[in-house]
$ cat structure_7.cif   # mmCIF, C-alpha atoms
data_model
loop_
_atom_site.label_atom_id
_atom_site.label_comp_id
_atom_site.auth_asym_id
_atom_site.auth_seq_id
_atom_site.Cartn_x
_atom_site.Cartn_y
_atom_site.Cartn_z
CA MET A 1115 283.21 125.44 -63.87
CA PHE A 1116 282.87 123.14 -60.87
CA THR A 1117 279.78 123.86 -58.63
CA GLU A 1118 279.42 122.46 -55.09
CA PRO A 1119 276.22 120.44 -54.46
CA PRO A 1120 273.66 122.05 -52.08
CA ALA A 1121 273.92 121.24 -48.39
CA PRO A 1122 271.40 118.60 -47.19
CA THR A 1123 268.36 120.03 -45.34
CA ALA A 1124 267.38 118.84 -41.88
CA PRO A 1125 264.39 116.39 -41.82
CA THR A 1126 261.07 117.79 -40.63
CA GLY A 1127 258.46 116.10 -38.41
CA PRO A 1128 258.86 113.96 -35.29
CA PRO A 1129 261.96 111.88 -35.03
CA THR A 1130 261.62 108.23 -35.92
CA PRO A 1131 261.78 106.14 -32.76
CA THR A 1132 264.83 104.01 -32.52
CA GLY A 1133 265.76 101.20 -30.29
CA PRO A 1134 263.92 98.06 -29.15
CA SER A 1135 261.06 99.74 -27.09
CA LYS A 1136 258.17 98.88 -29.52
CA PRO A 1137 259.10 95.26 -29.98
CA ARG A 1138 259.47 94.85 -26.21
CA ILE A 1139 255.95 96.27 -25.56
CA ALA A 1140 254.41 94.07 -28.25
CA THR A 1141 256.22 91.03 -26.85
CA ALA A 1142 254.95 91.76 -23.33
CA ILE A 1143 251.33 92.14 -24.55
CA ASP A 1144 251.56 88.93 -26.57
CA ALA A 1145 252.93 87.11 -23.56
CA GLU A 1146 250.06 88.40 -21.38
CA ILE A 1147 247.48 87.33 -23.96
CA THR A 1148 249.05 83.91 -24.19
CA GLU A 1149 249.03 83.59 -20.42
CA VAL A 1150 245.31 84.47 -20.29
CA LYS A 1151 244.52 81.96 -23.03
CA VAL A 1152 246.38 79.25 -21.16
CA ALA A 1153 244.52 80.09 -17.95
CA LEU A 1154 241.17 79.97 -19.77
CA ALA A 1155 242.02 76.62 -21.34
CA ALA A 1156 242.99 75.24 -17.93
CA HIS A 1157 239.79 76.41 -16.23
CA PRO A 1158 237.33 73.55 -15.51
CA CYS A 1159 234.48 75.43 -17.25
CA HIS A 1160 236.44 75.45 -20.50
CA ARG A 1161 235.95 71.71 -20.88
CA CYS A 1162 232.17 71.93 -20.27
CA PRO A 1163 230.27 70.89 -23.43
CA ASP A 1164 227.49 73.41 -22.62
CA ARG A 1165 229.85 76.28 -21.96
CA GLU A 1166 228.37 78.67 -24.56
CA THR A 1167 224.80 77.97 -23.42
CA HIS A 1168 225.76 78.70 -19.82
CA ALA A 1169 227.45 81.91 -20.88
CA ARG A 1170 224.31 83.10 -22.67
CA TRP A 1171 222.15 82.34 -19.63
CA ALA A 1172 224.63 84.13 -17.37
CA GLY A 1173 224.28 87.21 -19.57
CA ARG A 1174 220.49 87.00 -19.35
CA LEU A 1175 220.68 86.67 -15.57
CA GLU A 1176 222.89 89.75 -15.32
CA ARG A 1177 220.46 91.77 -17.45
CA ALA A 1178 217.52 90.52 -15.35
CA HIS A 1179 219.26 91.65 -12.16
CA ALA A 1180 219.84 95.09 -13.67
CA GLU A 1181 216.18 95.39 -14.73
CA ARG A 1182 215.03 94.28 -11.28
CA ALA A 1183 217.20 96.90 -9.60
CA ALA A 1184 215.82 99.61 -11.90
CA LEU A 1185 212.19 98.57 -11.21
CA ALA A 1186 212.83 98.40 -7.47
CA ALA A 1187 214.20 101.94 -7.51
CA LYS A 1188 211.19 103.14 -9.51
CA ILE A 1189 208.70 101.47 -7.14
CA GLU A 1190 210.54 102.82 -4.12
CA GLY A 1191 210.26 106.35 -5.52
CA ARG A 1192 206.53 106.02 -6.13
CA THR A 1193 205.91 104.37 -2.75
CA THR A 1194 207.71 107.19 -1.00
CA SER A 1195 205.56 109.74 -2.87
CA VAL A 1196 202.33 107.94 -1.92
CA ALA A 1197 203.46 107.70 1.69
CA ARG A 1198 204.14 111.44 1.81
CA GLN A 1199 200.69 112.18 0.36
CA PHE A 1200 199.09 109.83 2.88
CA ASP A 1201 200.85 111.60 5.75
CA ARG A 1202 199.59 114.97 4.47
CA VAL A 1203 195.99 113.73 4.28
CA CYS A 1204 196.32 112.31 7.80
CA GLN A 1205 197.52 115.71 8.97
CA VAL A 1206 194.35 117.35 7.60
CA LEU A 1207 192.12 114.69 9.16
CA GLU A 1208 193.91 114.98 12.50
CA ASP A 1209 193.68 118.78 12.53
CA ALA A 1210 189.95 118.55 11.76
CA GLY A 1211 189.39 116.01 14.55
CA TYR A 1212 188.60 112.95 12.43
CA ILE A 1213 191.55 110.79 13.45
CA ALA A 1214 193.87 110.64 16.45
CA GLU A 1215 197.18 108.88 16.99
CA GLN A 1216 197.36 106.37 19.83
CA ASP A 1217 200.15 103.86 20.49
CA GLY A 1218 201.77 104.78 17.21
CA LYS A 1219 198.62 104.04 15.19
CA TRP A 1220 195.85 106.14 13.71
CA HIS A 1221 192.36 105.65 15.16
CA ALA A 1222 189.06 107.10 13.96
CA THR A 1223 187.39 109.49 16.39
CA PRO A 1224 183.57 109.63 16.70
CA ALA A 1225 183.66 112.34 14.01
CA GLY A 1226 185.86 110.10 11.91
CA ARG A 1227 183.29 107.33 12.08
CA ILE A 1228 180.75 109.79 10.66
CA LEU A 1229 183.12 110.72 7.83
CA ALA A 1230 183.80 107.05 7.05
CA ARG A 1231 180.13 106.60 6.11
CA ILE A 1232 179.92 109.57 3.75
CA TYR A 1233 180.74 109.03 0.08
CA ALA A 1234 180.88 112.20 -2.00
CA GLU A 1235 183.38 114.52 -3.66
CA ARG A 1236 183.16 117.01 -0.77
CA ASP A 1237 182.90 114.32 1.91
CA ILE A 1238 184.88 116.17 4.59
CA LEU A 1239 182.89 119.35 4.07
CA ILE A 1240 179.60 117.41 4.29
CA ALA A 1241 180.80 115.75 7.50
CA GLN A 1242 181.71 119.18 8.87
CA GLY A 1243 178.20 120.43 8.17
CA VAL A 1244 176.67 117.39 9.86
CA ARG A 1245 178.79 117.44 13.01
CA THR A 1246 179.00 121.20 13.65
CA GLY A 1247 175.22 121.72 13.76
CA VAL A 1248 175.11 124.51 11.16
CA TRP A 1249 172.25 122.70 9.38
CA ASP A 1250 170.24 121.70 12.43
CA ALA A 1251 167.67 124.53 12.23
CA LEU A 1252 166.87 124.14 8.52
CA ALA A 1253 163.54 123.10 7.05
CA PRO A 1254 163.64 120.04 4.74
CA ALA A 1255 163.49 122.06 1.50
CA ASP A 1256 166.20 124.43 2.71
CA LEU A 1257 168.39 121.50 3.78
CA ALA A 1258 168.03 120.07 0.28
CA GLY A 1259 169.10 123.42 -1.19
CA VAL A 1260 172.11 123.83 1.10
CA VAL A 1261 173.34 120.27 0.56
CA THR A 1262 172.93 120.81 -3.20
CA ALA A 1263 175.74 123.37 -2.94
CA LEU A 1264 178.04 120.51 -1.86
CA VAL A 1265 176.86 118.17 -4.62
CA PHE A 1266 176.41 120.38 -7.68
CA GLU A 1267 179.42 121.11 -9.89
CA THR A 1268 179.24 123.25 -13.02
CA LYS A 1269 181.69 122.97 -15.89
CA GLU A 1270 182.65 126.61 -15.36
CA GLY A 1271 183.61 125.92 -11.73
CA PRO A 1272 181.95 126.75 -8.40
CA ALA A 1273 179.64 129.76 -8.48
CA SER A 1274 177.28 131.54 -6.13
CA SER A 1275 173.79 132.87 -6.58
CA VAL A 1276 171.18 134.56 -4.46
CA VAL A 1277 169.50 132.09 -2.12
CA PRO A 1278 166.32 132.52 -0.03
CA ASP A 1279 166.64 134.20 3.36
CA SER A 1280 165.77 130.90 5.05
CA MET A 1281 168.96 129.35 3.61
CA ARG A 1282 171.30 132.35 3.81
CA ALA A 1283 172.69 131.79 7.32
CA ALA A 1284 173.34 128.09 6.69
CA VAL A 1285 175.03 128.84 3.35
CA LYS A 1286 177.23 131.46 5.00
CA ALA A 1287 178.21 129.02 7.77
CA THR A 1288 178.92 126.29 5.20
CA ASN A 1289 181.13 128.67 3.22
CA ALA A 1290 183.04 129.46 6.41
CA LEU A 1291 183.60 125.73 6.96
CA ALA A 1292 184.88 125.45 3.38
CA VAL A 1293 187.35 128.31 3.90
CA GLU A 1294 188.65 126.72 7.11
CA LEU A 1295 189.04 123.32 5.46
CA GLY A 1296 190.75 124.88 2.44
CA GLU A 1297 193.32 126.58 4.67
CA ARG A 1298 194.12 123.26 6.36
CA GLU A 1299 194.48 121.51 3.00
CA ARG A 1300 196.71 124.22 1.55
CA HIS A 1301 198.89 124.17 4.65
CA ALA A 1302 199.26 120.39 4.37
CA GLY A 1303 199.95 120.53 0.64
CA VAL A 1304 196.99 118.40 -0.52
CA PRO A 1305 194.37 119.23 -3.19
CA VAL A 1306 191.88 121.77 -1.89
CA THR A 1307 188.21 120.74 -1.68
CA GLU A 1308 186.01 122.64 -4.11
CA PRO A 1309 183.99 125.36 -2.32
CA PRO A 1310 180.18 125.24 -2.24
CA ASP A 1311 178.36 126.01 -5.49
CA THR A 1312 174.93 127.51 -4.81
CA SER A 1313 173.99 128.11 -8.46
CA ALA A 1314 171.41 125.28 -8.33
CA SER A 1315 170.45 125.50 -4.65
CA THR A 1316 167.39 127.72 -5.12
CA ALA A 1317 166.03 125.53 -7.93
CA VAL A 1318 166.31 122.39 -5.80
CA ALA A 1319 164.72 124.10 -2.79
CA MET A 1320 161.82 125.21 -5.00
CA TRP A 1321 161.40 121.66 -6.27
CA ALA A 1322 161.45 120.29 -2.72
CA ARG A 1323 158.66 122.75 -1.83
CA GLY A 1324 156.48 121.29 -4.57
CA GLU A 1325 157.11 123.67 -7.48
CA PRO A 1326 156.65 122.18 -11.00
CA LEU A 1327 159.69 121.31 -13.06
CA ALA A 1328 158.93 124.04 -15.61
CA ARG A 1329 159.46 126.72 -12.96
CA VAL A 1330 162.62 125.09 -11.62
CA ILE A 1331 164.79 124.61 -14.68
CA ASP A 1332 166.37 127.42 -16.72
CA GLU A 1333 168.91 127.83 -19.50
CA ASN A 1334 171.72 126.73 -17.18
CA LEU A 1335 169.94 123.63 -15.84
CA SER A 1336 168.26 121.27 -18.28
CA PRO A 1337 165.74 118.60 -17.19
CA GLY A 1338 168.40 115.94 -17.66
CA ASP A 1339 170.91 117.88 -15.57
CA PHE A 1340 168.30 118.38 -12.87
CA VAL A 1341 167.49 114.68 -12.67
CA ARG A 1342 171.17 113.75 -12.46
CA LEU A 1343 171.69 116.34 -9.74
CA ALA A 1344 168.66 115.07 -7.84
CA SER A 1345 170.04 111.53 -7.97
CA GLN A 1346 173.33 112.63 -6.40
CA LEU A 1347 171.53 114.75 -3.84
CA LEU A 1348 169.26 111.88 -2.78
CA ASP A 1349 172.30 109.72 -2.17
CA VAL A 1350 173.90 112.33 0.11
CA LEU A 1351 170.64 113.10 1.95
CA ASP A 1352 170.25 109.40 2.62
CA GLN A 1353 173.76 109.28 4.07
CA ILE A 1354 173.08 112.32 6.28
CA ALA A 1355 169.90 110.69 7.56
CA ASP A 1356 172.00 107.67 8.49
CA VAL A 1357 175.01 109.32 10.17
CA ALA A 1358 173.84 112.64 11.69
CA PRO A 1359 174.27 112.62 15.48
CA ASN A 1360 171.33 115.02 15.89
CA PRO A 1361 168.01 113.14 15.59
CA GLU A 1362 166.29 116.30 14.34
CA LEU A 1363 168.76 116.59 11.46
CA ARG A 1364 168.29 112.91 10.65
CA SER A 1365 164.52 113.42 10.50
CA CYS A 1366 164.91 116.57 8.40
CA ALA A 1367 167.18 114.74 5.93
CA ARG A 1368 164.59 111.98 5.52
CA GLN A 1369 161.86 114.55 4.86
CA ALA A 1370 164.08 116.33 2.36
CA PHE A 1371 164.76 113.01 0.67
CA ARG A 1372 161.05 112.35 0.21
CA ALA A 1373 160.41 115.92 -0.95
CA VAL A 1374 163.04 115.68 -3.71
CA ARG A 1375 162.12 112.15 -4.78
CA ARG A 1376 158.90 112.93 -6.63
CA GLY A 1377 157.58 113.52 -10.13
CA VAL A 1378 160.14 113.14 -12.90
CA VAL A 1379 162.85 112.41 -10.33
CA LEU A 1380 160.90 109.45 -8.96
CA THR A 1381 160.12 108.03 -12.38
CA SER A 1382 163.66 108.51 -13.74
CA ILE A 1383 165.63 107.10 -10.81
CA PRO A 1384 165.28 103.40 -9.94
#
$ encode --input "structure_7.cif" --output "structure tokens"
Amino acid sequence: MFTEPPAPTAPTGPPTPTGPSKPRIATAIDAEITEVKVALAAHPCHRCPDRETHARWAGRLERAHAERAALAAKIEGRTTSVARQFDRVCQVLEDAGYIAEQDGKWHATPAGRILARIYAERDILIAQGVRTGVWDALAPADLAGVVTALVFETKEGPASSVVPDSMRAAVKATNALAVELGERERHAGVPVTEPPDTSASTAVAMWARGEPLARVIDENLSPGDFVRLASQLLDVLDQIADVAPNPELRSCARQAFRAVRRGVVLTSIP
């Protein structure tokens, strides 16, 4: 019996492109490439015998320009940050009366000239104590004890301890100055000065009154620590004796200096 062949099935998948579109696109690209090659060959630089060397140096110059731009942006960012911090510090100094702006420039006030000659971690707070007169009525040993609170720093952080009655009013006034300064610094956004630490003040005052070292030191203050503290204190007392506007405070600081610089302190410090 005769059987008809099956009907052909329709092809699947995308239709095969027909017509001359692909060859035309390829021909146009080839023509453009040829045109570019001809232009390159006709350029005066193409005939230069050192063309490849110049090309390498041009690449190096381009990379150098990019590195320079990146460094300049980095420096600009840091400079701007330093400038902002400087402006904040100037704000604190201006509020405290140490500098004043005149003709678009900062100038040191008389108080600022005192501060400029004080070198210590709590320099502004020491200058405040000198210029406000809160230390003017102290005896030499008590002055040494109070100033110790602005020199001594424990590893555990600032602490307070009971001080003699003769020092209590001056310590309270110094703490008030520290609170006021801290508020100014926080408002300006600068690091806050460490508050007074009176944990070694009584020991130093006892030493300045002539007490032996054995009665001064304890488990929290070794002989070596005491000598190091005395060395820092002597430096600050010497500065106070040099810059204090009150002649009585200057004289008191000199007496306190001599009272502290004795015994093991004298022999251990050049």
$ resolve_selection --input "structure_7.cif" --expression "the PyMOL selection byres ((chain A and resi 1242) around 9)" --output "PyMOL selection string"
chain A and resi 1210+1225+1229+1237-1241+1243-1248+1288+1291-1292
$ write_last_selection --input "structure_7.cif" --atoms "C-alpha atoms" --output "short mmCIF file (atom, residue, chain, number, x, y, z; two decimals), in the coordinates of the input"
data_model
loop_
_atom_site.label_atom_id
_atom_site.label_comp_id
_atom_site.auth_asym_id
_atom_site.auth_seq_id
_atom_site.Cartn_x
_atom_site.Cartn_y
_atom_site.Cartn_z
CA ALA A 1210 189.95 118.55 11.76
CA ALA A 1225 183.66 112.34 14.01
CA LEU A 1229 183.12 110.72 7.83
CA ASP A 1237 182.90 114.32 1.91
CA ILE A 1238 184.88 116.17 4.59
CA LEU A 1239 182.89 119.35 4.07
CA ILE A 1240 179.60 117.41 4.29
CA ALA A 1241 180.80 115.75 7.50
CA GLY A 1243 178.20 120.43 8.17
CA VAL A 1244 176.67 117.39 9.86
CA ARG A 1245 178.79 117.44 13.01
CA THR A 1246 179.00 121.20 13.65
CA GLY A 1247 175.22 121.72 13.76
CA VAL A 1248 175.11 124.51 11.16
CA THR A 1288 178.92 126.29 5.20
CA LEU A 1291 183.60 125.73 6.96
CA ALA A 1292 184.88 125.45 3.38
#
$ resolve_selection --input "structure_7.cif" --expression "the PyMOL selection byres ((chain A and resi 1371) around 9)" --output "list in words"
Pro1254, Ala1258, Ala1322, Leu1347, Leu1348, Asp1349, Leu1351, Asp1352, Ala1355, Cys1366, Ala1367, Arg1368, Gln1369, Ala1370, Arg1372, Ala1373, Val1374 and Arg1375 of chain A
$ closest_residue --input "structure_7.cif" --among "A:Cys1204, A:Leu1335, A:Ala1251, A:Ala1287" --to "A:Thr1268" --atoms "only C-alpha atoms"
A:Leu1335
$ atom_distance --input "structure_7.cif" --atom1 "atom CA of A:Ala1234" --atom2 "atom CA of A:Leu1264"
8.8 Å
$ resolve_selection --input "structure_7.cif" --expression "the PyMOL selection byres ((chain A and resi 1220) around 12)" --output "PyMOL selection string"
chain A and resi 1200-1201+1204-1205+1207-1208+1211-1219+1221-1223+1226
$ atom_distance --input "structure_7.cif" --atom1 "atom CA of A:Val1379" --atom2 "atom CA of A:Arg1342"
8.7 Å
$ closest_residue --input "structure_7.cif" --among "A:Asp1356, A:Thr1312, A:Val1341, A:Ile1383" --to "A:Ala1230" --atoms "all atoms listed in the file"
A:Asp1356
$ residues_around --input "structure_7.cif" --residues "A:Glu1308" --least-positions-apart "2" --cutoff "10 Å" --atoms "all atoms listed in the file" --output "VMD selection string"
chain A and resid 1235 to 1236 1239 1264 1267 1271 to 1272 1292 to 1293 1296 1305 to 1306 1310 to 1311
$ atom_distance --input "structure_7.cif" --atom1 "atom CA of A:Leu1257" --atom2 "atom CA of A:Ala1344"
13.3 Å
$ closest_residue --input "structure_7.cif" --among "A:Asp1339, A:Glu1176, A:Asp1256, A:Glu1294" --to "A:Ser1280" --atoms "all atoms listed in the file"
A:Asp1256
$ closest_residue --input "structure_7.cif" --among "A:Ile1331, A:Ala1156, A:Ala1290, A:Val1265" --to "A:Leu1343" --atoms "only C-alpha atoms"
A:Val1265
$ build_atoms --input "structure_7.cif" --residues "stretch 1209-1239 of chain A" --atoms "N, CA and C atoms" --output "short mmCIF file (atom, residue, chain, number, x, y, z; two decimals), keeping the file's coordinate frame"
data_model
loop_
_atom_site.label_atom_id
_atom_site.label_comp_id
_atom_site.auth_asym_id
_atom_site.auth_seq_id
_atom_site.Cartn_x
_atom_site.Cartn_y
_atom_site.Cartn_z
N ASP A 1209 193.97 117.38 12.16
CA ASP A 1209 193.68 118.78 12.53
C ASP A 1209 192.18 119.03 12.62
N ALA A 1210 191.40 118.36 11.76
CA ALA A 1210 189.95 118.55 11.76
C ALA A 1210 189.24 117.68 12.80
N GLY A 1211 189.99 116.82 13.49
CA GLY A 1211 189.39 116.01 14.55
C GLY A 1211 188.79 114.70 14.11
N TYR A 1212 189.19 114.20 12.92
CA TYR A 1212 188.60 112.95 12.43
C TYR A 1212 189.42 111.72 12.78
N ILE A 1213 190.70 111.89 13.02
CA ILE A 1213 191.55 110.79 13.45
C ILE A 1213 192.45 111.27 14.58
N ALA A 1214 192.94 110.32 15.37
CA ALA A 1214 193.87 110.64 16.45
C ALA A 1214 194.89 109.52 16.54
N GLU A 1215 196.11 109.89 16.88
CA GLU A 1215 197.18 108.88 16.99
C GLU A 1215 197.24 108.35 18.41
N GLN A 1216 197.29 107.03 18.52
CA GLN A 1216 197.36 106.37 19.83
C GLN A 1216 198.21 105.11 19.68
N ASP A 1217 199.22 105.01 20.53
CA ASP A 1217 200.15 103.86 20.49
C ASP A 1217 200.78 103.70 19.12
N GLY A 1218 201.11 104.82 18.50
CA GLY A 1218 201.77 104.78 17.21
C GLY A 1218 200.87 104.43 16.05
N LYS A 1219 199.55 104.38 16.25
CA LYS A 1219 198.62 104.04 15.19
C LYS A 1219 197.52 105.08 15.12
N TRP A 1220 196.97 105.23 13.90
CA TRP A 1220 195.85 106.14 13.71
C TRP A 1220 194.54 105.44 14.06
N HIS A 1221 193.67 106.17 14.79
CA HIS A 1221 192.36 105.65 15.16
C HIS A 1221 191.30 106.68 14.79
N ALA A 1222 190.16 106.20 14.30
CA ALA A 1222 189.06 107.10 13.96
C ALA A 1222 188.39 107.60 15.22
N THR A 1223 188.15 108.89 15.29
CA THR A 1223 187.39 109.49 16.39
C THR A 1223 185.89 109.31 16.08
N PRO A 1224 185.00 109.67 17.02
CA PRO A 1224 183.57 109.63 16.70
C PRO A 1224 183.23 110.42 15.44
N ALA A 1225 183.88 111.58 15.24
CA ALA A 1225 183.66 112.34 14.01
C ALA A 1225 184.19 111.58 12.81
N GLY A 1226 185.29 110.88 13.00
CA GLY A 1226 185.86 110.10 11.91
C GLY A 1226 184.95 108.96 11.48
N ARG A 1227 184.23 108.39 12.44
CA ARG A 1227 183.29 107.33 12.08
C ARG A 1227 182.11 107.88 11.28
N ILE A 1228 181.77 109.14 11.50
CA ILE A 1228 180.75 109.79 10.66
C ILE A 1228 181.29 109.96 9.24
N LEU A 1229 182.51 110.49 9.13
CA LEU A 1229 183.12 110.72 7.83
C LEU A 1229 183.27 109.42 7.04
N ALA A 1230 183.58 108.33 7.73
CA ALA A 1230 183.80 107.05 7.05
C ALA A 1230 182.55 106.55 6.34
N ARG A 1231 181.39 107.07 6.70
CA ARG A 1231 180.13 106.60 6.11
C ARG A 1231 179.54 107.60 5.12
N ILE A 1232 180.35 108.59 4.74
CA ILE A 1232 179.92 109.57 3.75
C ILE A 1232 180.75 109.39 2.49
N TYR A 1233 180.08 109.25 1.37
CA TYR A 1233 180.74 109.03 0.08
C TYR A 1233 180.30 110.11 -0.89
N ALA A 1234 181.16 111.09 -1.09
CA ALA A 1234 180.88 112.20 -2.00
C ALA A 1234 182.18 112.93 -2.27
N GLU A 1235 182.18 113.78 -3.31
CA GLU A 1235 183.38 114.52 -3.66
C GLU A 1235 183.80 115.45 -2.51
N ARG A 1236 182.84 116.10 -1.88
CA ARG A 1236 183.16 117.01 -0.77
C ARG A 1236 182.81 116.33 0.56
N ASP A 1237 183.29 115.11 0.75
CA ASP A 1237 182.90 114.32 1.91
C ASP A 1237 183.27 114.98 3.24
N ILE A 1238 184.48 115.55 3.32
CA ILE A 1238 184.88 116.17 4.59
C ILE A 1238 184.01 117.38 4.89
N LEU A 1239 183.71 118.15 3.87
CA LEU A 1239 182.89 119.35 4.07
C LEU A 1239 181.46 118.96 4.48
#
